[in-house]
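K.L.:
Just data_23.tsv, nothing more (TSV, C-alpha atoms):
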```
chain	number	residue	atom	x	y	z
A	1	MET	CA	-12.82	-34.09	11.90
A	2	ARG	CA	-11.74	-33.62	8.28
A	3	GLN	CA	-12.39	-29.89	8.43
A	4	ARG	CA	-10.35	-29.57	11.65
A	5	ILE	CA	-7.40	-31.28	10.04
A	6	ALA	CA	-7.71	-29.07	6.94
A	7	PHE	CA	-7.94	-25.99	9.17
A	8	LEU	CA	-4.88	-26.89	11.25
A	9	PHE	CA	-2.93	-27.83	8.14
A	10	LEU	CA	-3.66	-24.51	6.45
A	11	VAL	CA	-2.91	-22.50	9.61
A	12	LEU	CA	0.44	-24.28	9.92
A	13	ILE	CA	1.29	-23.58	6.28
A	14	ALA	CA	0.26	-19.93	6.74
A	15	LEU	CA	2.46	-19.63	9.82
A	16	PHE	CA	5.36	-21.38	8.13
A	17	ILE	CA	5.19	-19.31	4.94
A	18	ASN	CA	5.33	-16.06	6.92
A	19	PHE	CA	8.77	-16.63	8.35
A	20	PRO	CA	11.14	-14.28	6.50
A	21	GLN	CA	13.46	-17.17	5.66
A	22	ILE	CA	10.64	-18.88	3.73
A	23	ASN	CA	8.77	-15.82	2.49
A	24	LYS	CA	11.43	-14.68	0.04
A	25	THR	CA	12.55	-18.04	-1.34
A	26	ALA	CA	12.49	-18.73	-5.07
A	27	PRO	CA	9.45	-21.08	-5.11
A	28	ILE	CA	7.33	-18.61	-3.11
A	29	ASN	CA	8.46	-15.73	-5.32
A	30	PHE	CA	7.57	-17.81	-8.36
A	31	ILE	CA	4.04	-18.50	-7.06
A	32	ARG	CA	3.58	-14.86	-6.12
A	33	SER	CA	4.82	-13.69	-9.50
A	34	SER	CA	2.60	-16.20	-11.35
A	35	ILE	CA	-0.49	-14.96	-9.49
A	36	GLN	CA	0.45	-11.36	-10.31
A	37	ILE	CA	0.83	-12.19	-14.01
A	38	LEU	CA	-2.45	-14.11	-13.99
A	39	VAL	CA	-4.44	-11.31	-12.36
A	40	TYR	CA	-2.66	-8.43	-14.16
A	41	PRO	CA	-5.13	-8.21	-17.12
A	42	LEU	CA	-8.04	-7.98	-14.67
A	43	GLN	CA	-6.32	-5.36	-12.54
A	44	TRP	CA	-5.31	-3.35	-15.55
A	45	SER	CA	-8.75	-3.43	-17.19
A	46	SER	CA	-10.65	-2.64	-13.97
A	47	THR	CA	-8.33	0.29	-13.22
A	48	ALA	CA	-8.74	1.54	-16.78
A	49	LEU	CA	-12.52	1.21	-16.52
A	50	VAL	CA	-12.72	3.04	-13.19
A	51	GLY	CA	-10.26	5.70	-14.40
A	52	GLN	CA	-12.23	6.27	-17.61
A	53	THR	CA	-15.51	6.50	-15.68
A	54	GLN	CA	-14.01	9.02	-13.26
A	55	ARG	CA	-12.56	11.05	-16.13
A	56	THR	CA	-15.87	11.05	-18.02
A	57	LEU	CA	-17.83	12.07	-14.93
A	58	GLY	CA	-15.16	14.64	-14.11
A	59	PHE	CA	-15.42	16.04	-17.64
A	60	PHE	CA	-19.13	16.74	-17.26
A	61	ILE	CA	-18.77	18.04	-13.71
A	62	ASN	CA	-15.79	20.26	-14.46
A	63	ALA	CA	-16.66	21.33	-18.00
A	64	ARG	CA	-17.48	24.86	-16.92
A	65	SER	CA	-14.26	25.44	-15.01
A	66	ALA	CA	-12.08	23.65	-17.58
A	67	GLU	CA	-11.51	26.70	-19.76
A	68	GLY	CA	-10.21	28.85	-16.92
A	69	GLU	CA	-8.12	25.96	-15.65
A	70	ASN	CA	-6.68	25.48	-19.12
A	71	ILE	CA	-5.47	29.09	-19.24
A	72	ILE	CA	-3.86	28.76	-15.78
A	73	LEU	CA	-2.19	25.47	-16.76
A	74	LYS	CA	-0.84	26.99	-19.99
A	75	GLU	CA	0.67	29.83	-17.97
A	76	LYS	CA	2.19	27.37	-15.52
A	77	LEU	CA	3.58	25.27	-18.36
A	78	SER	CA	5.28	28.21	-20.05
A	79	SER	CA	6.71	29.29	-16.69
A	80	ALA	CA	7.95	25.72	-16.05
A	81	GLU	CA	9.53	25.61	-19.51
A	82	ALA	CA	11.36	28.85	-18.81
A	83	GLN	CA	12.55	27.48	-15.47
A	84	LEU	CA	13.72	24.31	-17.19
A	85	LEU	CA	15.82	26.37	-19.60
A	86	ILE	CA	17.49	28.09	-16.66
A	87	LEU	CA	18.03	24.75	-14.89
A	88	GLU	CA	19.60	23.28	-18.03
A	89	ARG	CA	22.00	26.23	-18.16
A	90	ILE	CA	22.84	25.74	-14.49
A	91	GLU	CA	23.44	22.03	-15.09
A	92	ASP	CA	25.81	22.82	-18.00
A	93	GLU	CA	27.64	25.30	-15.81
A	94	ASN	CA	27.75	22.76	-12.97
A	95	GLN	CA	29.21	20.14	-15.30
A	96	ALA	CA	31.80	22.57	-16.61
A	97	LEU	CA	32.83	23.55	-13.07
A	98	ARG	CA	33.01	19.93	-11.94
A	99	GLY	CA	35.16	19.16	-14.96
A	100	ALA	CA	37.40	22.13	-14.24
A	101	LEU	CA	37.82	21.03	-10.61
A	102	GLY	CA	38.43	17.42	-11.66
A	103	PHE	CA	35.44	16.02	-9.68
A	104	ARG	CA	34.27	12.52	-10.41
A	105	ASP	CA	31.02	12.39	-12.40
A	106	ASN	CA	28.77	10.92	-9.73
A	107	ASN	CA	25.63	12.93	-10.25
A	108	PRO	CA	22.83	10.82	-8.70
A	109	TYR	CA	20.12	12.64	-10.63
A	110	ARG	CA	21.12	11.27	-14.02
A	111	PHE	CA	18.44	8.63	-14.30
A	112	GLY	CA	15.53	7.85	-16.53
A	113	ILE	CA	12.04	8.12	-15.11
A	114	LEU	CA	9.46	5.58	-16.07
A	115	PRO	CA	5.86	6.69	-15.55
A	116	ALA	CA	3.67	4.04	-13.96
A	117	GLU	CA	-0.03	3.89	-13.28
A	118	ILE	CA	-1.44	2.48	-10.04
A	119	ILE	CA	-3.49	-0.65	-10.57
A	120	GLY	CA	-3.82	-1.83	-6.98
A	121	ARG	CA	-3.62	-0.57	-3.43
A	122	GLY	CA	-2.73	-2.29	-0.17
A	123	ASP	CA	-2.38	-0.62	3.23
A	124	SER	CA	1.13	0.71	2.67
A	125	ILE	CA	1.78	-0.76	-0.74
A	126	ILE	CA	0.69	0.17	-4.23
A	127	VAL	CA	0.79	-2.03	-7.30
A	128	VAL	CA	1.81	-0.37	-10.57
A	129	ASN	CA	1.50	-1.44	-14.19
A	130	ARG	CA	5.26	-1.67	-14.84
A	131	GLY	CA	7.37	-4.71	-14.15
A	132	ALA	CA	10.51	-6.56	-15.04
A	133	ALA	CA	9.47	-6.33	-18.72
A	134	ASP	CA	10.09	-2.54	-18.42
A	135	SER	CA	13.43	-3.09	-16.64
A	136	VAL	CA	11.91	-2.41	-13.23
A	137	SER	CA	13.85	-4.13	-10.49
A	138	GLU	CA	13.72	-4.39	-6.71
A	139	GLY	CA	15.07	-1.40	-4.82
A	140	GLN	CA	14.51	1.28	-7.48
A	141	THR	CA	13.35	4.61	-6.09
A	142	VAL	CA	9.80	5.73	-6.82
A	143	ILE	CA	8.78	9.39	-6.85
A	144	ASN	CA	5.91	11.55	-7.97
A	145	ARG	CA	5.89	15.24	-8.84
A	146	SER	CA	5.92	16.22	-5.14
A	147	GLY	CA	8.68	13.99	-3.80
A	148	LEU	CA	9.62	10.55	-2.52
A	149	VAL	CA	6.91	7.90	-2.73
A	150	GLY	CA	8.79	4.69	-1.88
A	151	ARG	CA	10.81	1.94	-3.49
A	152	VAL	CA	10.13	-1.10	-5.62
A	153	GLY	CA	9.65	-4.00	-3.22
A	154	GLU	CA	8.93	-6.70	-5.75
A	155	ALA	CA	8.83	-6.76	-9.54
A	156	SER	CA	6.94	-9.41	-11.46
A	157	LYS	CA	6.87	-9.43	-15.26
A	158	TYR	CA	4.16	-6.83	-15.87
A	159	SER	CA	3.53	-5.29	-12.47
A	160	SER	CA	5.45	-4.23	-9.37
A	161	LYS	CA	4.71	-3.69	-5.72
A	162	ILE	CA	5.89	-0.33	-4.41
A	163	ILE	CA	6.51	-0.14	-0.67
A	164	LEU	CA	5.48	3.36	0.40
A	165	ILE	CA	7.56	5.40	2.83
A	166	ILE	CA	4.58	5.31	5.22
A	167	ASP	CA	5.08	1.55	5.63
A	168	PRO	CA	5.76	0.90	9.33
A	169	ALA	CA	8.93	-0.99	8.43
A	170	SER	CA	10.26	1.84	6.25
A	171	VAL	CA	13.46	3.56	7.44
A	172	ILE	CA	15.13	6.40	5.52
A	173	SER	CA	18.33	8.25	6.29
A	174	ALA	CA	17.29	11.90	6.13
A	175	VAL	CA	18.67	15.38	6.59
A	176	LEU	CA	17.26	18.81	7.38
A	177	PRO	CA	18.92	20.88	4.62
A	178	ARG	CA	18.62	24.19	6.53
A	179	THR	CA	21.01	23.09	9.26
A	180	GLY	CA	22.49	19.91	7.80
A	181	THR	CA	21.14	17.90	10.74
A	182	TYR	CA	20.95	14.18	10.07
A	183	GLY	CA	18.33	11.75	11.36
A	184	VAL	CA	16.30	8.69	10.50
A	185	VAL	CA	12.75	8.96	9.16
A	186	ARG	CA	10.50	6.07	10.11
A	187	GLY	CA	7.19	5.13	8.53
A	188	GLY	CA	3.90	4.63	10.32
A	189	SER	CA	0.55	6.36	10.60
A	190	ARG	CA	2.66	9.48	11.10
A	191	LEU	CA	6.24	9.84	9.82
A	192	THR	CA	8.73	10.51	12.58
A	193	MET	CA	12.34	11.60	12.49
A	194	ASP	CA	14.53	9.94	15.11
A	195	TYR	CA	18.08	10.42	16.33
A	196	VAL	CA	18.10	14.19	15.95
A	197	SER	CA	20.26	15.43	18.78
A	198	GLU	CA	18.68	17.44	21.55
A	199	GLY	CA	20.71	20.58	20.73
A	200	ALA	CA	19.93	20.74	16.99
A	201	SER	CA	17.77	23.59	15.76
A	202	VAL	CA	14.58	22.29	14.15
A	203	GLU	CA	11.66	24.45	13.11
A	204	ALA	CA	8.12	23.47	12.22
A	205	GLY	CA	7.55	23.64	8.47
A	206	GLU	CA	11.14	23.06	7.42
A	207	LYS	CA	11.90	20.59	4.69
A	208	VAL	CA	13.21	17.06	5.25
A	209	VAL	CA	15.06	15.36	2.37
A	210	VAL	CA	16.87	12.08	1.76
A	211	SER	CA	20.43	12.31	3.02
A	212	SER	CA	23.55	11.36	1.12
A	213	ALA	CA	24.00	8.50	3.62
A	214	SER	CA	20.95	6.71	2.23
A	215	THR	CA	21.73	3.55	0.31
A	216	SER	CA	18.10	2.83	-0.69
A	217	PHE	CA	17.00	6.20	-2.05
A	218	LEU	CA	18.43	8.98	-4.19
A	219	ARG	CA	19.78	11.80	-2.07
A	220	GLY	CA	18.04	15.15	-1.95
A	221	LEU	CA	14.55	13.88	-2.71
A	222	PRO	CA	11.95	15.67	-0.59
A	223	ILE	CA	10.33	13.46	2.08
A	224	GLY	CA	8.17	15.92	3.97
A	225	ARG	CA	7.99	18.93	6.22
A	226	VAL	CA	8.41	19.10	9.98
A	227	ARG	CA	5.02	19.13	11.65
A	228	SER	CA	5.99	19.34	15.28
A	229	VAL	CA	9.06	19.15	17.48
A	230	SER	CA	9.04	18.10	21.09
A	231	LYS	CA	11.96	18.06	23.47
A	232	LYS	CA	12.15	16.56	26.92
A	233	VAL	CA	14.94	17.49	29.29
A	234	GLU	CA	15.78	13.86	30.07
A	235	ASP	CA	15.91	12.74	26.39
A	236	LEU	CA	19.04	12.67	24.27
A	237	PHE	CA	17.07	13.12	21.07
A	238	GLN	CA	14.20	15.29	19.89
A	239	LYS	CA	10.85	13.85	18.86
A	240	ILE	CA	10.01	15.15	15.40
A	241	GLU	CA	6.81	14.44	13.52
A	242	ILE	CA	6.76	14.90	9.77
A	243	ASP	CA	3.98	15.52	7.29
A	244	PRO	CA	4.78	13.59	4.12
A	245	ILE	CA	5.18	15.84	1.09
A	246	VAL	CA	3.28	13.32	-1.02
A	247	ASP	CA	-0.46	12.98	-0.52
A	248	PHE	CA	-0.70	9.17	-0.53
A	249	SER	CA	-4.49	9.19	-0.69
A	250	LYS	CA	-4.37	10.97	-4.06
A	251	LEU	CA	-1.56	9.09	-5.76
A	252	ASP	CA	-2.32	8.38	-9.41
A	253	ILE	CA	0.84	8.42	-11.52
A	254	VAL	CA	4.23	7.64	-10.05
A	255	TYR	CA	7.69	7.62	-11.63
A	256	ILE	CA	10.21	4.84	-11.22
A	257	CYS	CA	13.79	6.12	-11.28
A	258	GLN	CA	15.94	3.87	-13.41
A	259	PRO	CA	19.68	4.08	-13.80
B	1	MET	CA	-24.04	-22.20	-3.32
B	2	SER	CA	-23.06	-22.15	-6.95
B	3	ALA	CA	-19.35	-22.40	-7.66
B	4	LEU	CA	-19.68	-19.74	-10.35
B	5	ILE	CA	-21.10	-17.17	-7.91
B	6	ILE	CA	-18.27	-17.90	-5.48
B	7	PHE	CA	-15.69	-17.55	-8.23
B	8	ILE	CA	-17.14	-14.26	-9.47
B	9	SER	CA	-17.36	-12.90	-5.89
B	10	PHE	CA	-13.80	-14.01	-5.28
B	11	VAL	CA	-12.45	-12.19	-8.34
B	12	LEU	CA	-14.64	-9.15	-7.68
B	13	LEU	CA	-13.38	-8.87	-4.10
B	14	LEU	CA	-9.78	-9.03	-5.28
B	15	ILE	CA	-10.42	-6.27	-7.81
B	16	LEU	CA	-12.22	-4.12	-5.24
B	17	ARG	CA	-9.39	-4.66	-2.78
B	18	GLY	CA	-6.95	-3.36	-5.37
B	19	LEU	CA	-9.06	-0.47	-6.55
B	20	PHE	CA	-10.37	0.93	-3.27
B	21	ASN	CA	-8.34	-0.89	-0.59
B	22	LEU	CA	-11.47	-2.51	0.87
B	23	ASP	CA	-11.32	-5.47	3.28
B	24	LEU	CA	-14.33	-7.32	1.93
B	25	PHE	CA	-13.06	-10.90	2.22
B	26	PRO	CA	-14.36	-11.40	5.80
B	27	LEU	CA	-17.81	-10.85	4.33
B	28	LEU	CA	-17.34	-13.70	1.84
B	29	ILE	CA	-15.88	-15.90	4.57
B	30	VAL	CA	-18.92	-15.36	6.79
B	31	TYR	CA	-21.29	-15.89	3.88
B	32	LEU	CA	-19.52	-19.16	3.01
B	33	ALA	CA	-19.53	-20.29	6.65
B	34	VAL	CA	-23.28	-19.77	6.90
B	35	LYS	CA	-24.35	-20.95	3.46
B	36	SER	CA	-21.69	-23.38	2.31
B	37	SER	CA	-19.83	-26.47	3.54
B	38	PRO	CA	-17.12	-26.16	6.26
B	39	GLU	CA	-14.43	-27.54	3.91
B	40	SER	CA	-15.08	-24.97	1.20
B	41	THR	CA	-15.24	-22.20	3.82
B	42	ILE	CA	-11.80	-22.99	5.17
B	43	LEU	CA	-10.27	-23.64	1.76
B	44	LEU	CA	-11.65	-20.48	0.15
B	45	SER	CA	-10.78	-18.36	3.20
B	46	ALA	CA	-7.19	-19.50	2.93
B	47	LEU	CA	-7.14	-19.09	-0.84
B	48	GLY	CA	-8.62	-15.58	-0.59
B	49	GLY	CA	-5.96	-14.52	1.87
B	50	PHE	CA	-3.23	-16.13	-0.21
B	51	PHE	CA	-4.28	-14.34	-3.41
B	52	GLU	CA	-4.73	-11.02	-1.62
B	53	ASP	CA	-1.26	-11.29	-0.10
B	54	ALA	CA	0.35	-12.35	-3.36
B	55	LEU	CA	-1.13	-9.31	-5.06
B	56	PHE	CA	-1.06	-6.51	-2.52
B	57	PHE	CA	1.23	-7.36	0.39
B	58	PRO	CA	4.87	-8.28	0.90
B	59	ASN	CA	4.04	-11.15	3.31
B	60	PHE	CA	1.31	-13.78	3.76
B	61	LEU	CA	-0.43	-12.47	6.86
B	62	HIS	CA	-3.91	-12.36	5.34
B	63	PHE	CA	-3.51	-16.00	4.37
B	64	LEU	CA	-3.06	-16.69	8.07
B	65	SER	CA	-5.70	-14.30	9.36
B	66	TYR	CA	-8.43	-15.30	6.87
B	67	THR	CA	-7.82	-19.01	7.51
B	68	ILE	CA	-8.25	-18.44	11.25
B	69	THR	CA	-11.26	-16.19	10.55
B	70	GLY	CA	-12.80	-19.00	8.49
B	71	GLY	CA	-12.34	-21.42	11.39
B	72	LEU	CA	-13.76	-18.88	13.83
B	73	ALA	CA	-16.76	-18.23	11.59
B	74	LEU	CA	-17.57	-21.94	11.54
B	75	TYR	CA	-17.23	-22.13	15.32
B	76	LEU	CA	-19.18	-18.95	16.08
B	77	LYS	CA	-22.12	-19.73	13.80
B	78	GLU	CA	-23.01	-22.62	16.12
B	79	LEU	CA	-23.10	-20.29	19.12
B	80	PHE	CA	-25.69	-17.86	17.80
B	81	ALA	CA	-29.30	-18.90	17.45
B	82	LEU	CA	-30.16	-16.38	14.78
B	83	GLU	CA	-31.77	-16.41	11.38
B	84	GLU	CA	-29.33	-16.67	8.49
B	85	ASP	CA	-29.33	-13.03	7.41
B	86	ASP	CA	-29.01	-11.74	10.99
B	87	LEU	CA	-26.29	-14.30	11.63
B	88	ILE	CA	-24.33	-13.10	8.59
B	89	LEU	CA	-24.58	-9.49	9.78
B	90	THR	CA	-23.56	-10.37	13.35
B	91	LEU	CA	-20.63	-12.53	12.30
B	92	THR	CA	-19.43	-9.94	9.77
B	93	VAL	CA	-19.39	-7.22	12.43
B	94	ILE	CA	-17.54	-9.52	14.84
B	95	LEU	CA	-15.09	-11.12	12.42
B	96	THR	CA	-14.08	-8.15	10.24
B	97	PRO	CA	-12.13	-6.42	13.04
B	98	ILE	CA	-10.82	-9.76	14.28
B	99	SER	CA	-9.37	-10.61	10.84
B	100	ILE	CA	-7.65	-7.20	10.63
B	101	LEU	CA	-6.38	-7.53	14.19
B	102	LEU	CA	-5.00	-11.01	13.49
B	103	ALA	CA	-3.10	-9.72	10.45
B	104	ALA	CA	-1.77	-6.82	12.54
B	105	LEU	CA	-0.64	-9.14	15.33
B	106	GLY	CA	1.00	-11.35	12.71
B	107	GLN	CA	2.89	-8.34	11.39
B	108	ARG	CA	3.94	-7.48	14.95
B	109	PHE	CA	5.18	-11.03	15.47
B	110	PHE	CA	6.92	-11.61	12.14
B	111	GLU	CA	8.18	-8.10	11.31
B	112	GLY	CA	8.28	-6.41	14.69
B	113	VAL	CA	6.03	-3.50	13.67
B	114	MET	CA	2.33	-2.72	13.92
B	115	PRO	CA	0.54	-1.52	10.77
B	116	SER	CA	-0.15	2.19	10.60
B	117	GLY	CA	-3.67	3.48	11.25
B	118	LEU	CA	-4.83	0.14	12.66
B	119	LEU	CA	-7.76	1.48	14.66
B	120	ILE	CA	-9.04	3.60	11.77
B	121	SER	CA	-8.84	0.75	9.25
B	122	LEU	CA	-10.50	-1.56	11.77
B	123	ILE	CA	-13.45	0.77	12.31
B	124	ARG	CA	-13.68	1.68	8.62
B	125	ALA	CA	-13.73	-1.94	7.45
B	126	THR	CA	-16.26	-2.99	10.11
B	127	ILE	CA	-18.62	-0.16	9.20
B	128	ILE	CA	-18.27	-0.73	5.44
B	129	ASN	CA	-18.77	-4.50	5.69
B	130	GLY	CA	-21.65	-4.10	8.15
B	131	VAL	CA	-23.40	-1.64	5.87
B	132	ILE	CA	-22.84	-3.85	2.80
B	133	VAL	CA	-24.33	-6.90	4.56
B	134	PHE	CA	-27.22	-4.82	5.84
B	135	LEU	CA	-27.95	-3.56	2.31
B	136	LEU	CA	-27.59	-7.05	0.80
B	137	ASN	CA	-29.95	-8.38	3.47
B	138	PHE	CA	-32.37	-5.57	2.80
B	139	PHE	CA	-32.45	-5.82	-0.98
B	140	PHE	CA	-31.64	-9.43	-1.86
B	141	TRP	CA	-31.45	-11.96	0.92
B	142	ARG	CA	-34.30	-11.15	3.24
B	143	ARG	CA	-37.32	-13.31	2.46
B	144	ARG	CA	-39.98	-12.17	4.86
```
Take the structure in this file and express it as structure tokens.
P.N.:
Amino acid sequence: MRQRIAFLFLVLIALFINFPQINKTAPINFIRSSIQILVYPLQWSSTALVGQTQRTLGFFINARSAEGENIILKEKLSSAEAQLLILERIEDENQALRGALGFRDNNPYRFGILPAEIIGRGDSIIVVNRGAADSVSEGQTVINRSGLVGRVGEASKYSSKIILIIDPASVISAVLPRTGTYGVVRGGSRLTMDYVSEGASVEAGEKVVVSSASTSFLRGLPIGRVRSVSKKVEDLFQKIEIDPIVDFSKLDIVYICQP
Amino acid sequence: MSALIIFISFVLLLILRGLFNLDLFPLLIVYLAVKSSPESTILLSALGGFFEDALFFPNFLHFLSYTITGGLALYLKELFALEEDDLILTLTVILTPISILLAALGQRFFEGVMPSGLLISLIRATIINGVIVFLLNFFFWRRR
């Protein structure tokens, strides 16, 4: 009898706590944040241990190919440095032109990037080792070297939960830069782009980026590439499937964009 | 069962969940249901789900699903006339997908969306948990 009461009581609490009106209240956030702070040292140390083990094993496995890889990486680095010089010149020129034309300085790409290491993984969430102590706050955009990863969903003192763009509830205003066609990218087991009108030209392989209409993410960040397009005569919109540009199974370091 | 072993398993499962995204809590729930008292089974199931959600999820759906799974484990163990180790294996294989499905249905109800790759994660978790129990049975628990 006692166990039945305990069971029903806990099920009721679990049901109650899941309602969005309760889920995000200050006491619940406080409990959640306290647990995150409490478990953070364990998460951090276990991630460090696993990472170090993988690196050590990798060192022995890849020792032979490391030298050749090193040469290739050096070449890539010098090429990237040269490209950066050119980009800096272009940016200066861009600034000068904007000044000359009297445009407002609203460059969205002027932000700091804070590198963060992954210390935990959920289904469509990752936990990183940066939190409010590093000025991370809810809603900040998260990228990696390939493109858009997600946004900060919750920041406790030393760690943050990043909601990935593959989360089923994720919705991003996107654009196909080739034609300027707007749409909405939705998360899920496969990213899809909705509300692209039936007449718009869409080709497999073309890039999809965040549109300037997005209020959650920085515009222009790459989301993915068109995988397939299907049109039905009776539909108003095309059905577009997208391959994310980021390989979420191999995420290691991510960057939090901070204003 | 010793409280220390439960505590260590609890922490270990949380760490493994974070490191490799493994759904190992149903295994602990079943083990508790078979070897421990009903009260501790339900309490630790709920606590496991609560901690997992606080750390890795934006909602508290595993709190709900693991609590129900704990209750189901206690109910189902009375239905099967099996030896302990076989019972643990059977219940793990039955309850792992159920716990994932319950969380998914909760997400559908509270957020209006189904989690991505549900079938794959369901099969993956069931196979992994089944194999782990089988190996534990084989190496540690079986006394024949």
K.L.:
Given only C-alpha atoms, how would the per-residue table for chain B near chain A read, listing every residue at most 7 Å away with its closest atom pair and distance in Å to one decimal, sorted by chain and number, as a tab-separated table?
P.N.:
```
residue	atom	partner	partner_atom	distance
B:Ile15	CA	A:Gln43	CA	6.3
B:Gly18	CA	A:Gly120	CA	3.8
B:Leu19	CA	A:Gly120	CA	5.4
B:Phe20	CA	A:Arg121	CA	6.9
B:Asn21	CA	A:Arg121	CA	5.5
B:Pro38	CA	A:Gln3	CA	6.4
B:Glu39	CA	A:Gln3	CA	5.5
B:Ile42	CA	A:Phe7	CA	6.3
B:Ala54	CA	A:Arg32	CA	4.9
B:Leu55	CA	A:Gln36	CA	5.9
B:Phe56	CA	A:Gly122	CA	5.1
B:Phe57	CA	A:Gly122	CA	6.5
B:Asn59	CA	A:Asn18	CA	6.2
B:Phe60	CA	A:Asn18	CA	5.6
B:Leu61	CA	A:Asn18	CA	6.8
B:Phe63	CA	A:Ala14	CA	5.9
B:Leu64	CA	A:Ala14	CA	4.8
B:Thr67	CA	A:Val11	CA	6.4
B:Ile68	CA	A:Val11	CA	6.9
B:Gly71	CA	A:Phe7	CA	6.7
B:Phe110	CA	A:Phe19	CA	6.6
B:Val113	CA	A:Pro168	CA	6.2
B:Met114	CA	A:Pro168	CA	6.8
B:Pro115	CA	A:Pro168	CA	5.9
B:Ser116	CA	A:Ser189	CA	4.2
B:Gly117	CA	A:Ser189	CA	5.2
```
K.L.:
Select, from B:Leu28, B:Ile132, B:Leu13, B:Glu83, the residue with the minimum atom-to-atom distance to Phe51 (chain B), counting all atoms listed in the file.
P.N.:
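Of all the options, B:Leu13 lies closest to Phe51 (chain B).
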K.L.:
Which distance in Å separates CA of Glu198 (chain A) and CA of Gly220 (chain A), to one decimal?
P.N.:
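One can read the CA of Glu198 (chain A) to CA of Gly220 (chain A) distance as 23.6 Å.
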K.L.:
In Å, rounded to a single decimal, give me how far CA of Glu206 (chain A) is from CA of Lys76 (chain A).
P.N.:
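Spanning CA of Lys76 (chain A) to CA of Glu206 (chain A) is a straight-line distance of 25.0 Å.
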K.L.:
How many Å lie between CA of Ser135 (chain A) and CA of Leu84 (chain A), rounded to one decimal?
P.N.:
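A separation of 27.4 Å between them.
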K.L.:
Ranking B:Leu91, B:Ile29, B:Leu12, B:Leu135 by minimum distance to Leu79 (chain B) and counting only C-alpha atoms, which one comes first?
P.N.:
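Once distances to Leu79 (chain B) are computed over only C-alpha atoms, the minimum belongs to B:Leu91.
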K.L.:
Which is closest to Ala46 (chain B) among A:Ile22, A:Lys207, A:Leu87, A:Phe9, if we use all atoms listed in the file?
P.N.:
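So, comparing all the options, the nearest one is A:Phe9.
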K.L.:
Using only C-alpha atoms, which residues sit within 9 Å of region 170-186 of chain A once same-chain residues fewer than 3 positions away are excluded, as a PyMOL selection string?
P.N.:
chain A and resi 150+163-167+190-197+200-202+206-217+219-220+223+242
K.L.:
Region 120-128 of chain B, all listed atoms, 4 Å padding on each side: what axis-aligned box centre and edge lengths in Å to one decimal come out, as AutoDock Vina command-line options?
P.N.:
```
--center_x -13.7 --center_y 0.3 --center_z 8.9 --size_x 17.8 --size_y 14.6 --size_z 14.9
```
K.L.:
Please determine the residues with any atom at most 9 Å from (-17.4, -2.9, 5.7) (coordinates as given in the file, with only C-alpha atoms counting) and report them as a list in words.
P.N.:
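Here the neighbourhood of the point contains Leu22, Asp23, Leu24, Leu27, Thr92, Val93, Thr96, Ile123, Arg124, Ala125, Thr126, Ile127, Ile128, Asn129, Gly130, Val131, Ile132 and Val133 of chain B.
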K.L.:
Keeping only C-alpha atoms, write the selected residues as a CSV table (one decimal), in the frame of the given file.
P.N.:
```csv
chain,number,residue,atom,x,y,z
B,22,LEU,CA,-11.5,-2.5,0.9
B,23,ASP,CA,-11.3,-5.5,3.3
B,24,LEU,CA,-14.3,-7.3,1.9
B,27,LEU,CA,-17.8,-10.8,4.3
B,92,THR,CA,-19.4,-9.9,9.8
B,93,VAL,CA,-19.4,-7.2,12.4
B,96,THR,CA,-14.1,-8.2,10.2
B,123,ILE,CA,-13.4,0.8,12.3
B,124,ARG,CA,-13.7,1.7,8.6
B,125,ALA,CA,-13.7,-1.9,7.4
B,126,THR,CA,-16.3,-3.0,10.1
B,127,ILE,CA,-18.6,-0.2,9.2
B,128,ILE,CA,-18.3,-0.7,5.4
B,129,ASN,CA,-18.8,-4.5,5.7
B,130,GLY,CA,-21.6,-4.1,8.2
B,131,VAL,CA,-23.4,-1.6,5.9
B,132,ILE,CA,-22.8,-3.8,2.8
B,133,VAL,CA,-24.3,-6.9,4.6
```
K.L.:
So that I can check the surroundings of Phe25 (chain B), please list as an mmCIF file with C-alpha atoms, in the frame of the given file every protein, DNA and RNA residue that reaches within 9 Å of it, counting all atoms listed in the file and ignoring chain neighbours fewer than 6 positions away.
P.N.:
```cif
data_model
loop_
_atom_site.group_PDB
_atom_site.id
_atom_site.type_symbol
_atom_site.label_atom_id
_atom_site.label_comp_id
_atom_site.auth_asym_id
_atom_site.auth_seq_id
_atom_site.Cartn_x
_atom_site.Cartn_y
_atom_site.Cartn_z
ATOM 1 C CA PHE B 10 -13.800 -14.010 -5.280
ATOM 2 C CA LEU B 13 -13.380 -8.870 -4.100
ATOM 3 C CA LEU B 14 -9.780 -9.030 -5.280
ATOM 4 C CA ARG B 17 -9.390 -4.660 -2.780
ATOM 5 C CA SER B 45 -10.780 -18.360 3.200
ATOM 6 C CA GLY B 48 -8.620 -15.580 -0.590
ATOM 7 C CA GLY B 49 -5.960 -14.520 1.870
ATOM 8 C CA TYR B 66 -8.430 -15.300 6.870
ATOM 9 C CA THR B 96 -14.080 -8.150 10.240
#
```
K.L.:
If you count all atoms listed in the file, which residues fall within 10 Å of Asn137 (chain B), apart from same-chain ones fewer than 6 positions away, as a list in words?
P.N.:
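Answer for this query is Glu84, Asp85, Asp86, Ile88, Leu89, Val131 and Arg143 of chain B.
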K.L.:
Kindly indicate which residue among B:Ile5, B:Tyr75, B:Ser65, B:Ser36 lies nearest to Leu102 (chain B), using all atoms listed in the file for the distances.
P.N.:
B:Ser65
K.L.:
From the options A:Ile240, A:Ala116, A:Cys257, A:Ala100, which residue's atoms come nearest to Ser137 (chain A), counting all atoms listed in the file?
P.N.:
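Looking at the shortest contact to Ser137 (chain A), the residue is A:Cys257.
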